[in-house]
$ cat my_file.cif   # mmCIF, C-alpha atoms, pLDDT in the B column; chains and numbers go by the auth columns
data_query
#
loop_
_atom_site.group_PDB
_atom_site.id
_atom_site.type_symbol
_atom_site.label_atom_id
_atom_site.label_comp_id
_atom_site.label_asym_id
_atom_site.label_seq_id
_atom_site.Cartn_x
_atom_site.Cartn_y
_atom_site.Cartn_z
_atom_site.B_iso_or_equiv
_atom_site.auth_seq_id
_atom_site.auth_asym_id
ATOM 1 C CA MET A 1 44.762 -48.261 -207.924 41.00 7 A
ATOM 2 C CA LEU A 2 46.424 -47.351 -204.650 45.00 8 A
ATOM 3 C CA LEU A 3 46.874 -43.616 -204.287 43.00 9 A
ATOM 4 C CA ARG A 4 48.908 -41.880 -201.634 47.00 10 A
ATOM 5 C CA ALA A 5 47.963 -38.310 -200.888 47.00 11 A
ATOM 6 C CA GLY A 6 50.621 -35.630 -201.157 58.00 12 A
ATOM 7 C CA SER A 7 50.266 -32.227 -199.542 67.00 13 A
ATOM 8 C CA PRO A 8 46.725 -31.661 -198.239 74.00 14 A
ATOM 9 C CA PRO A 9 44.540 -29.671 -200.661 80.00 15 A
ATOM 10 C CA ALA A 10 43.990 -26.146 -199.360 78.00 16 A
ATOM 11 C CA LEU A 11 40.200 -26.393 -199.079 80.00 17 A
ATOM 12 C CA SER A 12 40.454 -29.556 -196.971 87.00 18 A
ATOM 13 C CA SER A 13 41.381 -27.202 -194.118 87.00 19 A
ATOM 14 C CA LEU A 14 38.500 -25.567 -192.271 90.00 20 A
ATOM 15 C CA ARG A 15 40.516 -22.417 -191.661 86.00 21 A
ATOM 16 C CA VAL A 16 41.209 -21.957 -195.379 86.00 22 A
ATOM 17 C CA ALA A 17 37.598 -22.672 -196.339 84.00 23 A
ATOM 18 C CA LEU A 18 36.230 -20.098 -193.899 83.00 24 A
ATOM 19 C CA ARG A 19 38.918 -17.545 -194.730 81.00 25 A
ATOM 20 C CA SER A 20 37.927 -17.863 -198.374 73.00 26 A
ATOM 21 C CA GLY A 21 34.370 -16.937 -197.478 69.00 27 A
ATOM 22 C CA ARG A 22 33.121 -20.441 -198.246 74.00 28 A
ATOM 23 C CA ARG A 23 30.676 -20.991 -195.379 79.00 29 A
ATOM 24 C CA GLY A 24 28.410 -22.621 -197.925 82.00 30 A
ATOM 25 C CA ALA A 25 31.108 -25.255 -198.457 87.00 31 A
ATOM 26 C CA VAL A 26 31.013 -26.075 -194.752 90.00 32 A
ATOM 27 C CA PHE A 27 27.193 -26.072 -194.549 90.00 33 A
ATOM 28 C CA PRO A 28 25.917 -26.936 -198.075 90.00 34 A
ATOM 29 C CA LEU A 29 22.313 -27.258 -196.939 85.00 35 A
ATOM 30 C CA GLU A 30 22.176 -23.585 -195.978 82.00 36 A
ATOM 31 C CA GLN A 31 22.561 -22.545 -199.609 78.00 37 A
ATOM 32 C CA LEU A 32 19.746 -24.860 -200.688 80.00 38 A
ATOM 33 C CA GLU A 33 17.408 -23.555 -197.997 76.00 39 A
ATOM 34 C CA ARG A 34 17.810 -20.069 -199.450 72.00 40 A
ATOM 35 C CA CYS A 35 16.439 -21.385 -202.751 73.00 41 A
ATOM 36 C CA LEU A 36 13.080 -22.296 -201.249 64.00 42 A
ATOM 37 C CA ALA A 37 10.186 -19.983 -201.953 57.00 43 A
ATOM 38 C CA PRO A 38 9.436 -17.453 -199.200 56.00 44 A
ATOM 39 C CA GLY A 39 7.378 -19.114 -196.498 52.00 45 A
ATOM 40 C CA ALA A 40 8.091 -22.627 -197.808 52.00 46 A
ATOM 41 C CA GLU A 41 8.870 -25.385 -195.324 54.00 47 A
ATOM 42 C CA ALA A 42 12.642 -25.796 -195.067 52.00 48 A
ATOM 43 C CA ALA A 43 12.150 -29.512 -194.342 50.00 49 A
ATOM 44 C CA ARG A 44 13.812 -29.022 -190.954 53.00 50 A
ATOM 45 C CA ILE A 45 17.062 -30.439 -192.296 56.00 51 A
ATOM 46 C CA GLY A 46 19.473 -28.412 -190.206 60.00 52 A
ATOM 47 C CA LEU A 47 19.534 -30.471 -187.022 78.00 53 A
ATOM 48 C CA PHE A 48 23.307 -30.751 -186.772 90.00 54 A
ATOM 49 C CA ARG A 49 24.955 -27.355 -187.145 89.00 55 A
ATOM 50 C CA PRO A 50 28.018 -27.271 -184.892 93.00 56 A
ATOM 51 C CA GLY A 51 29.884 -24.112 -184.029 91.00 57 A
ATOM 52 C CA LEU A 52 33.432 -23.226 -184.964 91.00 58 A
ATOM 53 C CA GLU A 53 35.032 -24.768 -181.880 93.00 59 A
ATOM 54 C CA ALA A 54 33.400 -28.155 -182.478 94.00 60 A
ATOM 55 C CA LEU A 55 34.412 -28.118 -186.147 95.00 61 A
ATOM 56 C CA GLN A 56 38.001 -27.342 -185.177 95.00 62 A
ATOM 57 C CA ARG A 57 38.131 -30.085 -182.549 95.00 63 A
ATOM 58 C CA ALA A 58 36.782 -32.582 -185.047 96.00 64 A
ATOM 59 C CA GLU A 59 39.302 -31.529 -187.689 96.00 65 A
ATOM 60 C CA ALA A 60 42.122 -32.182 -185.205 96.00 66 A
ATOM 61 C CA LEU A 61 41.043 -35.841 -185.055 97.00 67 A
ATOM 62 C CA PHE A 62 41.522 -36.132 -188.819 96.00 68 A
ATOM 63 C CA ARG A 63 44.935 -34.428 -188.815 94.00 69 A
ATOM 64 C CA ALA A 64 47.768 -36.893 -188.263 92.00 70 A
ATOM 65 C CA GLY A 65 50.742 -36.107 -186.057 91.00 71 A
ATOM 66 C CA PRO A 66 53.619 -37.812 -184.219 91.00 72 A
ATOM 67 C CA ALA A 67 51.320 -38.821 -181.353 93.00 73 A
ATOM 68 C CA HIS A 68 48.222 -39.351 -183.486 95.00 74 A
ATOM 69 C CA ARG A 69 48.647 -41.877 -186.279 95.00 75 A
ATOM 70 C CA ILE A 70 45.974 -42.327 -188.939 96.00 76 A
ATOM 71 C CA ALA A 71 46.473 -45.290 -191.234 94.00 77 A
ATOM 72 C CA TYR A 72 45.008 -48.145 -193.228 93.00 78 A
ATOM 73 C CA LEU A 73 44.697 -51.022 -190.777 94.00 79 A
ATOM 74 C CA SER A 74 43.636 -54.157 -192.660 93.00 80 A
ATOM 75 C CA SER A 75 41.145 -55.709 -195.074 93.00 81 A
ATOM 76 C CA ALA A 76 38.750 -58.599 -194.590 92.00 82 A
ATOM 77 C CA VAL A 77 36.269 -60.673 -196.563 88.00 83 A
ATOM 78 C CA ARG A 78 34.932 -62.487 -193.496 88.00 84 A
ATOM 79 C CA MET A 79 34.255 -61.352 -189.972 91.00 85 A
ATOM 80 C CA ASP A 80 36.838 -63.723 -188.517 90.00 86 A
ATOM 81 C CA HIS A 81 39.425 -61.764 -190.554 92.00 87 A
ATOM 82 C CA ALA A 82 38.287 -58.374 -189.241 94.00 88 A
ATOM 83 C CA PRO A 83 40.467 -56.542 -186.712 94.00 89 A
ATOM 84 C CA PRO A 84 39.403 -56.595 -183.039 94.00 90 A
ATOM 85 C CA ALA A 85 36.397 -54.425 -182.237 95.00 91 A
ATOM 86 C CA ALA A 86 38.381 -52.328 -179.780 95.00 92 A
ATOM 87 C CA LEU A 87 37.309 -48.795 -180.790 97.00 93 A
ATOM 88 C CA PRO A 88 34.061 -47.067 -181.780 98.00 94 A
ATOM 89 C CA GLU A 89 33.478 -47.652 -185.484 98.00 95 A
ATOM 90 C CA VAL A 90 31.643 -46.145 -188.451 98.00 96 A
ATOM 91 C CA CYS A 91 31.198 -47.707 -191.874 97.00 97 A
ATOM 92 C CA PHE A 92 30.441 -46.355 -195.341 96.00 98 A
ATOM 93 C CA ILE A 93 28.245 -48.293 -197.761 94.00 99 A
ATOM 94 C CA GLY A 94 26.608 -47.469 -201.081 92.00 100 A
ATOM 95 C CA ARG A 95 26.154 -48.678 -204.593 89.00 101 A
ATOM 96 C CA SER A 96 29.140 -49.157 -206.870 85.00 102 A
ATOM 97 C CA ASN A 97 30.628 -45.918 -208.209 87.00 103 A
ATOM 98 C CA VAL A 98 28.810 -43.684 -205.712 92.00 104 A
ATOM 99 C CA GLY A 99 32.154 -42.280 -204.545 92.00 105 A
ATOM 100 C CA LYS A 100 32.773 -44.038 -201.217 92.00 106 A
ATOM 101 C CA SER A 101 36.518 -44.344 -201.506 89.00 107 A
ATOM 102 C CA SER A 102 36.850 -40.819 -202.894 92.00 108 A
ATOM 103 C CA LEU A 103 34.913 -39.433 -199.937 96.00 109 A
ATOM 104 C CA ILE A 104 37.041 -41.365 -197.453 95.00 110 A
ATOM 105 C CA ARG A 105 40.131 -40.031 -199.163 93.00 111 A
ATOM 106 C CA ALA A 106 38.732 -36.488 -198.781 95.00 112 A
ATOM 107 C CA LEU A 107 37.986 -37.075 -195.099 96.00 113 A
ATOM 108 C CA PHE A 108 41.581 -38.205 -194.577 95.00 114 A
ATOM 109 C CA SER A 109 43.123 -35.513 -196.794 93.00 115 A
ATOM 110 C CA LEU A 110 44.774 -33.852 -193.776 93.00 116 A
ATOM 111 C CA ALA A 111 46.738 -37.063 -193.144 92.00 117 A
ATOM 112 C CA PRO A 112 48.998 -37.390 -196.221 81.00 118 A
ATOM 113 C CA GLU A 113 50.313 -40.811 -195.175 85.00 119 A
ATOM 114 C CA VAL A 114 46.906 -42.478 -195.391 89.00 120 A
ATOM 115 C CA GLU A 115 46.513 -44.732 -198.404 82.00 121 A
ATOM 116 C CA VAL A 116 43.014 -45.163 -199.824 82.00 122 A
ATOM 117 C CA ARG A 117 42.194 -47.415 -202.751 67.00 123 A
ATOM 118 C CA VAL A 118 40.261 -45.503 -205.416 63.00 124 A
ATOM 119 C CA SER A 119 39.416 -46.430 -208.993 55.00 125 A
ATOM 120 C CA LYS A 120 37.466 -45.142 -211.976 55.00 126 A
ATOM 121 C CA THR A 121 36.130 -48.675 -212.402 58.00 127 A
ATOM 122 C CA PRO A 122 32.830 -49.335 -210.576 52.00 128 A
ATOM 123 C CA GLY A 123 32.956 -52.105 -207.996 50.00 129 A
ATOM 124 C CA HIS A 124 36.672 -51.764 -207.270 55.00 130 A
ATOM 125 C CA THR A 125 36.275 -52.318 -203.522 59.00 131 A
ATOM 126 C CA LYS A 126 35.868 -56.069 -202.975 74.00 132 A
ATOM 127 C CA LYS A 127 36.745 -56.268 -199.293 87.00 133 A
ATOM 128 C CA MET A 128 35.990 -54.458 -196.061 91.00 134 A
ATOM 129 C CA ASN A 129 38.839 -51.963 -195.663 93.00 135 A
ATOM 130 C CA PHE A 130 39.529 -50.761 -192.113 96.00 136 A
ATOM 131 C CA PHE A 131 41.227 -47.459 -191.214 96.00 137 A
ATOM 132 C CA LYS A 132 42.334 -46.578 -187.692 97.00 138 A
ATOM 133 C CA VAL A 133 42.164 -42.988 -186.474 97.00 139 A
ATOM 134 C CA GLY A 134 44.598 -42.900 -183.592 96.00 140 A
ATOM 135 C CA LYS A 135 43.135 -44.254 -180.368 97.00 141 A
ATOM 136 C CA TYR A 136 39.741 -42.754 -181.124 98.00 142 A
ATOM 137 C CA PHE A 137 37.825 -44.734 -183.762 98.00 143 A
ATOM 138 C CA THR A 138 37.967 -46.900 -186.872 98.00 144 A
ATOM 139 C CA LEU A 139 36.345 -46.251 -190.243 98.00 145 A
ATOM 140 C CA VAL A 140 35.351 -48.992 -192.681 96.00 146 A
ATOM 141 C CA ASP A 141 35.026 -48.751 -196.457 94.00 147 A
ATOM 142 C CA MET A 142 32.533 -51.482 -197.444 91.00 148 A
ATOM 143 C CA PRO A 143 32.185 -53.094 -200.896 86.00 149 A
ATOM 144 C CA GLY A 144 29.642 -51.436 -203.170 83.00 150 A
ATOM 145 C CA TYR A 145 26.319 -53.085 -203.910 82.00 151 A
ATOM 146 C CA GLY A 146 24.618 -53.329 -207.276 69.00 152 A
ATOM 147 C CA TYR A 147 26.772 -53.370 -210.406 61.00 153 A
ATOM 148 C CA ARG A 148 29.891 -55.565 -210.044 59.00 154 A
ATOM 149 C CA ALA A 149 29.284 -56.213 -206.365 57.00 155 A
ATOM 150 C CA PRO A 150 31.245 -59.158 -204.910 54.00 156 A
ATOM 151 C CA GLN A 151 29.348 -62.444 -205.137 60.00 157 A
ATOM 152 C CA ASP A 152 29.402 -62.766 -201.364 68.00 158 A
ATOM 153 C CA PHE A 153 28.369 -59.134 -200.795 71.00 159 A
ATOM 154 C CA VAL A 154 25.149 -59.875 -198.909 75.00 160 A
ATOM 155 C CA GLU A 155 26.766 -62.495 -196.699 81.00 161 A
ATOM 156 C CA MET A 156 29.760 -60.264 -195.952 84.00 162 A
ATOM 157 C CA VAL A 157 27.855 -57.065 -195.210 86.00 163 A
ATOM 158 C CA GLU A 158 24.982 -58.681 -193.313 88.00 164 A
ATOM 159 C CA ALA A 159 27.455 -60.479 -191.054 90.00 165 A
ATOM 160 C CA TYR A 160 29.297 -57.231 -190.391 93.00 166 A
ATOM 161 C CA LEU A 161 26.149 -55.239 -189.599 92.00 167 A
ATOM 162 C CA GLN A 162 24.760 -57.917 -187.295 93.00 168 A
ATOM 163 C CA GLU A 163 27.964 -58.854 -185.474 93.00 169 A
ATOM 164 C CA ARG A 164 30.008 -55.658 -185.197 95.00 170 A
ATOM 165 C CA ARG A 165 29.040 -54.534 -181.702 95.00 171 A
ATOM 166 C CA ASN A 166 31.254 -51.434 -181.773 97.00 172 A
ATOM 167 C CA LEU A 167 29.485 -50.025 -184.862 98.00 173 A
ATOM 168 C CA LYS A 168 28.143 -46.595 -183.906 97.00 174 A
ATOM 169 C CA ARG A 169 26.742 -45.351 -187.222 98.00 175 A
ATOM 170 C CA THR A 170 26.496 -46.462 -190.840 98.00 176 A
ATOM 171 C CA PHE A 171 26.800 -43.863 -193.588 98.00 177 A
ATOM 172 C CA LEU A 172 24.712 -44.761 -196.634 97.00 178 A
ATOM 173 C CA LEU A 173 25.974 -42.893 -199.701 97.00 179 A
ATOM 174 C CA VAL A 174 23.575 -41.831 -202.452 97.00 180 A
ATOM 175 C CA ASP A 175 24.518 -40.151 -205.733 97.00 181 A
ATOM 176 C CA GLY A 176 23.365 -36.546 -205.408 96.00 182 A
ATOM 177 C CA VAL A 177 22.944 -36.210 -209.182 96.00 183 A
ATOM 178 C CA VAL A 178 20.534 -39.108 -209.750 95.00 184 A
ATOM 179 C CA GLY A 179 19.015 -39.486 -206.276 95.00 185 A
ATOM 180 C CA LEU A 180 17.753 -42.770 -204.858 96.00 186 A
ATOM 181 C CA GLN A 181 17.991 -45.697 -207.268 93.00 187 A
ATOM 182 C CA LYS A 182 16.503 -49.192 -207.073 89.00 188 A
ATOM 183 C CA THR A 183 19.805 -50.617 -205.875 88.00 189 A
ATOM 184 C CA ASP A 184 19.951 -48.104 -202.994 92.00 190 A
ATOM 185 C CA TYR A 185 16.953 -49.798 -201.431 89.00 191 A
ATOM 186 C CA ILE A 186 19.126 -52.904 -200.936 82.00 192 A
ATOM 187 C CA GLY A 187 21.159 -51.009 -198.379 86.00 193 A
ATOM 188 C CA ILE A 188 18.158 -49.225 -196.863 94.00 194 A
ATOM 189 C CA GLU A 189 16.153 -52.421 -196.400 92.00 195 A
ATOM 190 C CA MET A 190 19.151 -54.179 -194.864 89.00 196 A
ATOM 191 C CA LEU A 191 19.762 -51.390 -192.343 94.00 197 A
ATOM 192 C CA GLU A 192 16.091 -51.053 -191.467 96.00 198 A
ATOM 193 C CA GLU A 193 15.684 -54.816 -191.030 94.00 199 A
ATOM 194 C CA PHE A 194 18.617 -55.046 -188.631 94.00 200 A
ATOM 195 C CA GLY A 195 17.727 -51.855 -186.766 95.00 201 A
ATOM 196 C CA ILE A 196 21.084 -50.248 -187.558 95.00 202 A
ATOM 197 C CA PRO A 197 21.276 -46.449 -187.018 97.00 203 A
ATOM 198 C CA TYR A 198 22.330 -44.823 -190.286 97.00 204 A
ATOM 199 C CA VAL A 199 22.730 -41.531 -192.091 97.00 205 A
ATOM 200 C CA MET A 200 22.232 -40.697 -195.767 97.00 206 A
ATOM 201 C CA VAL A 201 25.049 -38.807 -197.469 98.00 207 A
ATOM 202 C CA LEU A 202 24.516 -37.293 -200.927 98.00 208 A
ATOM 203 C CA THR A 203 27.740 -37.379 -202.934 97.00 209 A
ATOM 204 C CA LYS A 204 28.977 -35.573 -206.062 97.00 210 A
ATOM 205 C CA ILE A 205 26.950 -32.429 -205.359 96.00 211 A
ATOM 206 C CA ASP A 206 29.384 -30.388 -207.464 94.00 212 A
ATOM 207 C CA ARG A 207 28.040 -32.210 -210.550 95.00 213 A
ATOM 208 C CA ALA A 208 24.398 -31.279 -209.974 94.00 214 A
ATOM 209 C CA SER A 209 22.700 -27.974 -210.722 93.00 215 A
ATOM 210 C CA LYS A 210 21.256 -26.224 -207.693 90.00 216 A
ATOM 211 C CA GLY A 211 17.716 -26.899 -208.893 91.00 217 A
ATOM 212 C CA LEU A 212 18.329 -30.611 -209.465 95.00 218 A
ATOM 213 C CA LEU A 213 20.099 -30.977 -206.143 94.00 219 A
ATOM 214 C CA LEU A 214 17.270 -29.224 -204.295 93.00 220 A
ATOM 215 C CA LYS A 215 14.733 -31.523 -205.982 93.00 221 A
ATOM 216 C CA ASN A 216 16.676 -34.644 -204.979 95.00 222 A
ATOM 217 C CA VAL A 217 17.224 -33.403 -201.420 94.00 223 A
ATOM 218 C CA LEU A 218 13.529 -32.687 -200.850 92.00 224 A
ATOM 219 C CA GLU A 219 12.443 -36.010 -202.375 94.00 225 A
ATOM 220 C CA ILE A 220 14.927 -38.009 -200.306 95.00 226 A
ATOM 221 C CA GLN A 221 14.088 -35.998 -197.190 92.00 227 A
ATOM 222 C CA GLU A 222 10.411 -36.853 -197.633 92.00 228 A
ATOM 223 C CA PHE A 223 11.302 -40.529 -198.063 95.00 229 A
ATOM 224 C CA VAL A 224 13.420 -40.469 -194.892 95.00 230 A
ATOM 225 C CA ASN A 225 10.660 -38.784 -192.894 92.00 231 A
ATOM 226 C CA LYS A 226 7.872 -41.094 -194.056 94.00 232 A
ATOM 227 C CA LYS A 227 9.486 -44.445 -194.873 95.00 233 A
ATOM 228 C CA THR A 228 12.399 -44.987 -192.479 97.00 234 A
ATOM 229 C CA GLN A 229 12.809 -45.685 -188.791 96.00 235 A
ATOM 230 C CA GLY A 230 16.560 -45.824 -188.247 96.00 236 A
ATOM 231 C CA CYS A 231 17.758 -43.011 -190.529 97.00 237 A
ATOM 232 C CA PHE A 232 19.026 -39.776 -188.989 96.00 238 A
ATOM 233 C CA PRO A 233 16.549 -37.086 -190.147 93.00 239 A
ATOM 234 C CA GLN A 234 19.221 -34.785 -191.583 93.00 240 A
ATOM 235 C CA LEU A 235 20.885 -35.413 -194.935 95.00 241 A
ATOM 236 C CA PHE A 236 24.582 -34.644 -195.404 96.00 242 A
ATOM 237 C CA LEU A 237 25.719 -33.211 -198.745 97.00 243 A
ATOM 238 C CA VAL A 238 29.319 -33.624 -199.894 97.00 244 A
ATOM 239 C CA SER A 239 31.674 -33.035 -202.782 96.00 245 A
ATOM 240 C CA SER A 240 34.929 -34.947 -202.542 94.00 246 A
ATOM 241 C CA LEU A 241 36.356 -32.732 -205.275 93.00 247 A
ATOM 242 C CA GLU A 242 35.529 -29.338 -203.755 92.00 248 A
ATOM 243 C CA PHE A 243 35.427 -30.505 -200.099 94.00 249 A
ATOM 244 C CA SER A 244 31.913 -29.135 -199.656 94.00 250 A
ATOM 245 C CA GLY A 245 30.332 -30.739 -196.604 95.00 251 A
ATOM 246 C CA VAL A 246 33.499 -32.660 -195.704 96.00 252 A
ATOM 247 C CA HIS A 247 34.262 -30.516 -192.632 96.00 253 A
ATOM 248 C CA LEU A 248 30.713 -30.987 -191.306 96.00 254 A
ATOM 249 C CA LEU A 249 30.831 -34.735 -191.926 97.00 255 A
ATOM 250 C CA ARG A 250 34.110 -35.005 -190.005 97.00 256 A
ATOM 251 C CA CYS A 251 32.415 -33.269 -187.095 97.00 257 A
ATOM 252 C CA PHE A 252 29.418 -35.604 -187.179 97.00 258 A
ATOM 253 C CA ILE A 253 31.696 -38.661 -187.244 98.00 259 A
ATOM 254 C CA ALA A 254 33.582 -37.314 -184.231 97.00 260 A
ATOM 255 C CA HIS A 255 30.254 -36.766 -182.496 96.00 261 A
ATOM 256 C CA VAL A 256 28.710 -40.207 -183.097 96.00 262 A
ATOM 257 C CA THR A 257 31.922 -42.014 -182.091 97.00 263 A
ATOM 258 C CA GLY A 258 31.821 -40.268 -178.720 96.00 264 A
ATOM 259 C CA ASN A 259 34.846 -38.078 -179.357 96.00 265 A
ATOM 260 C CA LEU A 260 32.815 -34.877 -179.447 91.00 266 A
ATOM 261 C CA PRO A 261 29.986 -35.549 -176.997 81.00 267 A
ATOM 262 C CA VAL A 262 28.790 -31.958 -176.691 74.00 268 A
ATOM 263 C CA VAL A 263 28.288 -29.941 -179.885 73.00 269 A
ATOM 264 C CA GLU A 264 27.305 -26.310 -179.511 68.00 270 A
ATOM 265 C CA ALA A 265 25.085 -24.798 -182.187 62.00 271 A
ATOM 266 C CA SER A 266 26.477 -22.391 -184.750 58.00 272 A
#
$ encode --input "my_file.cif" --output "structure tokens"
Amino acid sequence: MLLRAGSPPALSSLRVALRSGRRGAVFPLEQLERCLAPGAEAARIGLFRPGLEALQRAEALFRAGPAHRIAYLSSAVRMDHAPPAALPEVCFIGRSNVGKSSLIRALFSLAPEVEVRVSKTPGHTKKMNFFKVGKYFTLVDMPGYGYRAPQDFVEMVEAYLQERRNLKRTFLLVDGVVGLQKTDYIGIEMLEEFGIPYVMVLTKIDRASKGLLLKNVLEIQEFVNKKTQGCFPQLFLVSSLEFSGVHLLRCFIAHVTGNLPVVEAS
């Protein structure tokens, strides 16, 4: 199903989120850290905590205007069909039904003209879908792995990861309710084998209790610290429905694509 966004949801705006006293929606990890027992190790998961100015500058990149067009660019099933690698690029991968397209739609919610394909049916994304953010960067929605993955998934994604020289960071999405699953290791092993820098993003955090989410975060954080080489040591938590973590993720994307080179601490 192809959905076109209407007016931007109120909470997709940083100003509205902060005015509503929802700092926890901007920095979801802060709320979890408060749940740790006194004196417990906070897992050092707050490495990227930008200040207000950086968050605002990043949001401006995701807000379309007359001189700043954000739009779906093209789709491809093979690398020779992909658009030219002219801008810094990030891609989103994850197992089927982890919420990739919904998260991308949330990221682009301040640009009502952007069309993002979303579906309730797992495995809906069968191609690499490219979105162009003005003259600044491109974002790619990759097919999901696992259940109902395209038959040529491995060939398609491996070729992209190995050949796309403008790829700055890969965002590996994990369901925040169930944590790492066997199929998630497909993506992890692929990224580690190719030496691709990546970040883990926990989705659907609005569906998990605070205790369950904390358990999954600490378990995944331990896995990242002990078992990975190329994974950024901080997890990002998001809810596409409530926009929790979306503002922070926008800022990190702006940072890794070179559009926000200096990020002051909050």
$ residues_around --input "my_file.cif" --residues "region 229-231 of chain A" --least-positions-apart "4" --cutoff "10 Å" --atoms "only C-alpha atoms" --output "list of chain:residue names"
A:Ala49, A:Leu186, A:Val205, A:Met206, A:Val223, A:Leu224, A:Glu225, A:Gln235, A:Gly236, A:Cys237, A:Phe238, A:Pro239, A:Gln240, A:Leu241
$ write_last_selection --input "my_file.cif" --atoms "C-alpha atoms" --output "PDB file, in the coordinates of the input"
ATOM      1  CA  ALA A  49      12.150 -29.512-194.342  1.00 50.00           C
ATOM      2  CA  LEU A 186      17.753 -42.770-204.858  1.00 96.00           C
ATOM      3  CA  VAL A 205      22.730 -41.531-192.091  1.00 97.00           C
ATOM      4  CA  MET A 206      22.232 -40.697-195.767  1.00 97.00           C
ATOM      5  CA  VAL A 223      17.224 -33.403-201.420  1.00 94.00           C
ATOM      6  CA  LEU A 224      13.529 -32.687-200.850  1.00 92.00           C
ATOM      7  CA  GLU A 225      12.443 -36.010-202.375  1.00 94.00           C
ATOM      8  CA  GLN A 235      12.809 -45.685-188.791  1.00 96.00           C
ATOM      9  CA  GLY A 236      16.560 -45.824-188.247  1.00 96.00           C
ATOM     10  CA  CYS A 237      17.758 -43.011-190.529  1.00 97.00           C
ATOM     11  CA  PHE A 238      19.026 -39.776-188.989  1.00 96.00           C
ATOM     12  CA  PRO A 239      16.549 -37.086-190.147  1.00 93.00           C
ATOM     13  CA  GLN A 240      19.221 -34.785-191.583  1.00 93.00           C
ATOM     14  CA  LEU A 241      20.885 -35.413-194.935  1.00 95.00           C
TER      15      LEU A 241
END
$ residues_around --input "my_file.cif" --residues "Leu61 (chain A)" --least-positions-apart "4" --cutoff "7 Å" --atoms "only C-alpha atoms" --output "list in words"
Pro56, Gly57, Glu65, His253, Leu254 and Cys257 of chain A
$ residues_near_point --input "my_file.cif" --point "(27.0, -48.4, -193.8)" --cutoff "7 Å" --atoms "all atoms listed in the file" --output "list of chain:residue names"
A:Cys97, A:Phe98, A:Ile99, A:Thr176, A:Phe177, A:Leu178, A:Tyr204
$ resolve_selection --input "my_file.cif" --expression "the PyMOL selection byres ((chain A and resi 16) around 12)" --output "number ranges by chain"
A: 12-15, 17-26, 112, 115-116, 247-249
$ closest_residue --input "my_file.cif" --among "A:Val180, A:Leu266, A:Leu53, A:Met134" --to "His87 (chain A)" --atoms "only C-alpha atoms"
A:Met134
$ resolve_selection --input "my_file.cif" --expression "the PyMOL selection byres ((chain A and resi 111) around 9)" --output "number ranges by chain"
A: 11, 106-110, 112-115, 120-124, 246
$ atom_distance --input "my_file.cif" --atom1 "CA of Leu218 (chain A)" --atom2 "CA of Glu195 (chain A)"
25.5 Å
$ resolve_selection --input "my_file.cif" --expression "the PyMOL selection byres ((chain A and resi 83) around 7)" --output "ChimeraX atom specification"
/A:82,84-85,87,133-134,162
$ closest_residue --input "my_file.cif" --among "A:Glu228, A:Phe137, A:Glu119, A:Pro89" --to "Tyr166 (chain A)" --atoms "all atoms listed in the file"
A:Pro89
$ atom_distance --input "my_file.cif" --atom1 "CA of His74 (chain A)" --atom2 "CA of Ser250 (chain A)"
25.1 Å
$ closest_atom_pairs --input "my_file.cif" --of "region 30-85 of chain A" --to "region 140-149 of chain A" --cutoff "9 Å" --atoms "only C-alpha atoms" --output "tab-separated table"
residue	atom	partner	partner_atom	distance
A:Leu67	CA	A:Gly140	CA	8.0
A:Ala70	CA	A:Gly140	CA	8.2
A:Ala73	CA	A:Gly140	CA	8.2
A:His74	CA	A:Gly140	CA	5.1
A:Arg75	CA	A:Gly140	CA	5.0
A:Ile76	CA	A:Gly140	CA	5.6
A:Ala77	CA	A:Gly140	CA	8.2
A:Leu79	CA	A:Thr144	CA	8.8
$ residues_around --input "my_file.cif" --residues "Val183 (chain A)" --least-positions-apart "3" --cutoff "8 Å" --atoms "only C-alpha atoms" --output "mmCIF file with C-alpha atoms, in the frame of the given file"
data_model
loop_
_atom_site.group_PDB
_atom_site.id
_atom_site.type_symbol
_atom_site.label_atom_id
_atom_site.label_comp_id
_atom_site.auth_asym_id
_atom_site.auth_seq_id
_atom_site.Cartn_x
_atom_site.Cartn_y
_atom_site.Cartn_z
ATOM 1 C CA THR A 209 27.740 -37.379 -202.934
ATOM 2 C CA LYS A 210 28.977 -35.573 -206.062
ATOM 3 C CA ILE A 211 26.950 -32.429 -205.359
ATOM 4 C CA ARG A 213 28.040 -32.210 -210.550
ATOM 5 C CA ALA A 214 24.398 -31.279 -209.974
ATOM 6 C CA LEU A 218 18.329 -30.611 -209.465
ATOM 7 C CA LEU A 219 20.099 -30.977 -206.143
ATOM 8 C CA ASN A 222 16.676 -34.644 -204.979
#
